[in-house]
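Notes follow once the structure below has been shown.
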Amino acid sequence: MCYRSRTLRRSGKSLVRLGAALSLYFALVLTTPARAQQLTPGNLQLEARAAILEAALKDVQRPTRLYFGGWLAALSAMAVGQAALTPLVDNSAQRASLWLGAGLSTAGVGLLLITPFPGRYAADEVAGMATRTPAERRAKLSRAELLLEREAKSAWFQRAWFQHVFTALLGGGVILGLGLLYPDDLWTAAIPSGIGTFLTAEAQIWTRPRRAIDHWQRYRTAPVLSLAPLIAPNTLGLGVGGKF
């Protein structure tokens with residue numbers, strides 16, 4: 001009888017310990033905050049990638065705005081200034097050179113206005129997007145990726161090697177055209193106008209910010225982050241782990 005009583009008491013204590021462990025486990029699982037339940041590997045990767053993209057877009061926005069605003073003002077001033085100087089010049093070749101310069105500057109303003117510059121507003125747009133639900137976070141990530149990619153492509157196109165070929169042809173065309181029309185004023189009108197056109201176009205190419213290109217390349221080649229907090233029972237109790 002004593003042996004059976006001791007066995008029953010031991011079994012009862014084991015059941016009590018098991019019940020307490022199960023109660024603690026389910027209490028931890030069921031009382032985990034909603035935010036913590038959302039910390040899945042997929043959601044953490046979304047947030048990490050979105051943070052990288054937001055930082056990249058912020059880094060891109062200011063220089064892109066300065067480039068756009070600066071060249072818009074410079075080309076507008078060149079167009080107005082050369083047009084205003086034309087009536088004050090007596091030499092016909094130089095007047096033609098000024099009119100041509102004003103026309104090319106106006107064309108430059110037009111090209112600047114129709115060229116896409118997503119980097120000018122991308123950071124503000126992405127920062128204002130909602131992130132309350134996983135679907136909203138995925139939409140924000142997709143939009144940020146699209147804007148950074150478009151800005152990188154726009155910057156690459158404006159800095160591409162064939163742009164230098166175009167500027168050389170443009171400057172040479174100005175020299176050739178004015179030189180044929182006014183051969184006596186080759187050195188006073190045609191050549192200065194052609195060189196000025198070439199240098200202005202080259203300056204636009206070399207000053208175009210390329211940060212978006214660098215950020216997009218790093219983002220595409222970055223290793224995938226996987227951070228997954230895990231709560232699971234083991235032989236000694238509950239275990240908390242992470243995976244990187």
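Ordering of the structure tokens sets the chain letters (A, B, ...), residue numbers begin anew at 1 in every chain, and ligands are numbered from 1 in the order given.
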List the spatial neighbours of region 130-141 of chain A as a list in words - criterion: any atom at most 7 Å away, only C-alpha atoms, same-chain residues fewer than 4 positions off excluded.
Leu46, Ala50, Val126 and Glu145 of chain A
Would you mind writing down, as JSON, numbers by chain, each residue of region 8-227 of chain A that DSSP on the backbone assigns to alpha helix (DSSP H)?
{"A": [8, 9, 10, 11, 12, 13, 14, 15, 16, 17, 18, 19, 20, 21, 22, 23, 24, 25, 26, 27, 28, 29, 30, 34, 35, 36, 37, 41, 42, 43, 44, 45, 46, 47, 48, 49, 50, 51, 52, 53, 54, 55, 56, 57, 58, 59, 60, 61, 62, 63, 64, 65, 66, 67, 68, 69, 70, 71, 72, 73, 74, 75, 76, 77, 78, 79, 80, 81, 82, 83, 84, 85, 92, 93, 94, 95, 96, 97, 98, 99, 100, 101, 102, 103, 104, 105, 106, 107, 108, 109, 110, 111, 112, 113, 114, 122, 123, 124, 125, 126, 127, 134, 135, 136, 137, 138, 139, 140, 141, 142, 143, 144, 145, 146, 147, 148, 149, 150, 151, 152, 153, 154, 155, 156, 157, 158, 159, 161, 162, 163, 164, 165, 166, 167, 168, 169, 170, 171, 172, 173, 174, 175, 176, 177, 178, 179, 180, 181, 191, 192, 193, 194, 195, 196, 197, 198, 199, 200, 201, 202, 203, 204, 205, 206, 211, 212, 213, 214, 215, 216, 217, 218, 219, 220, 221]}
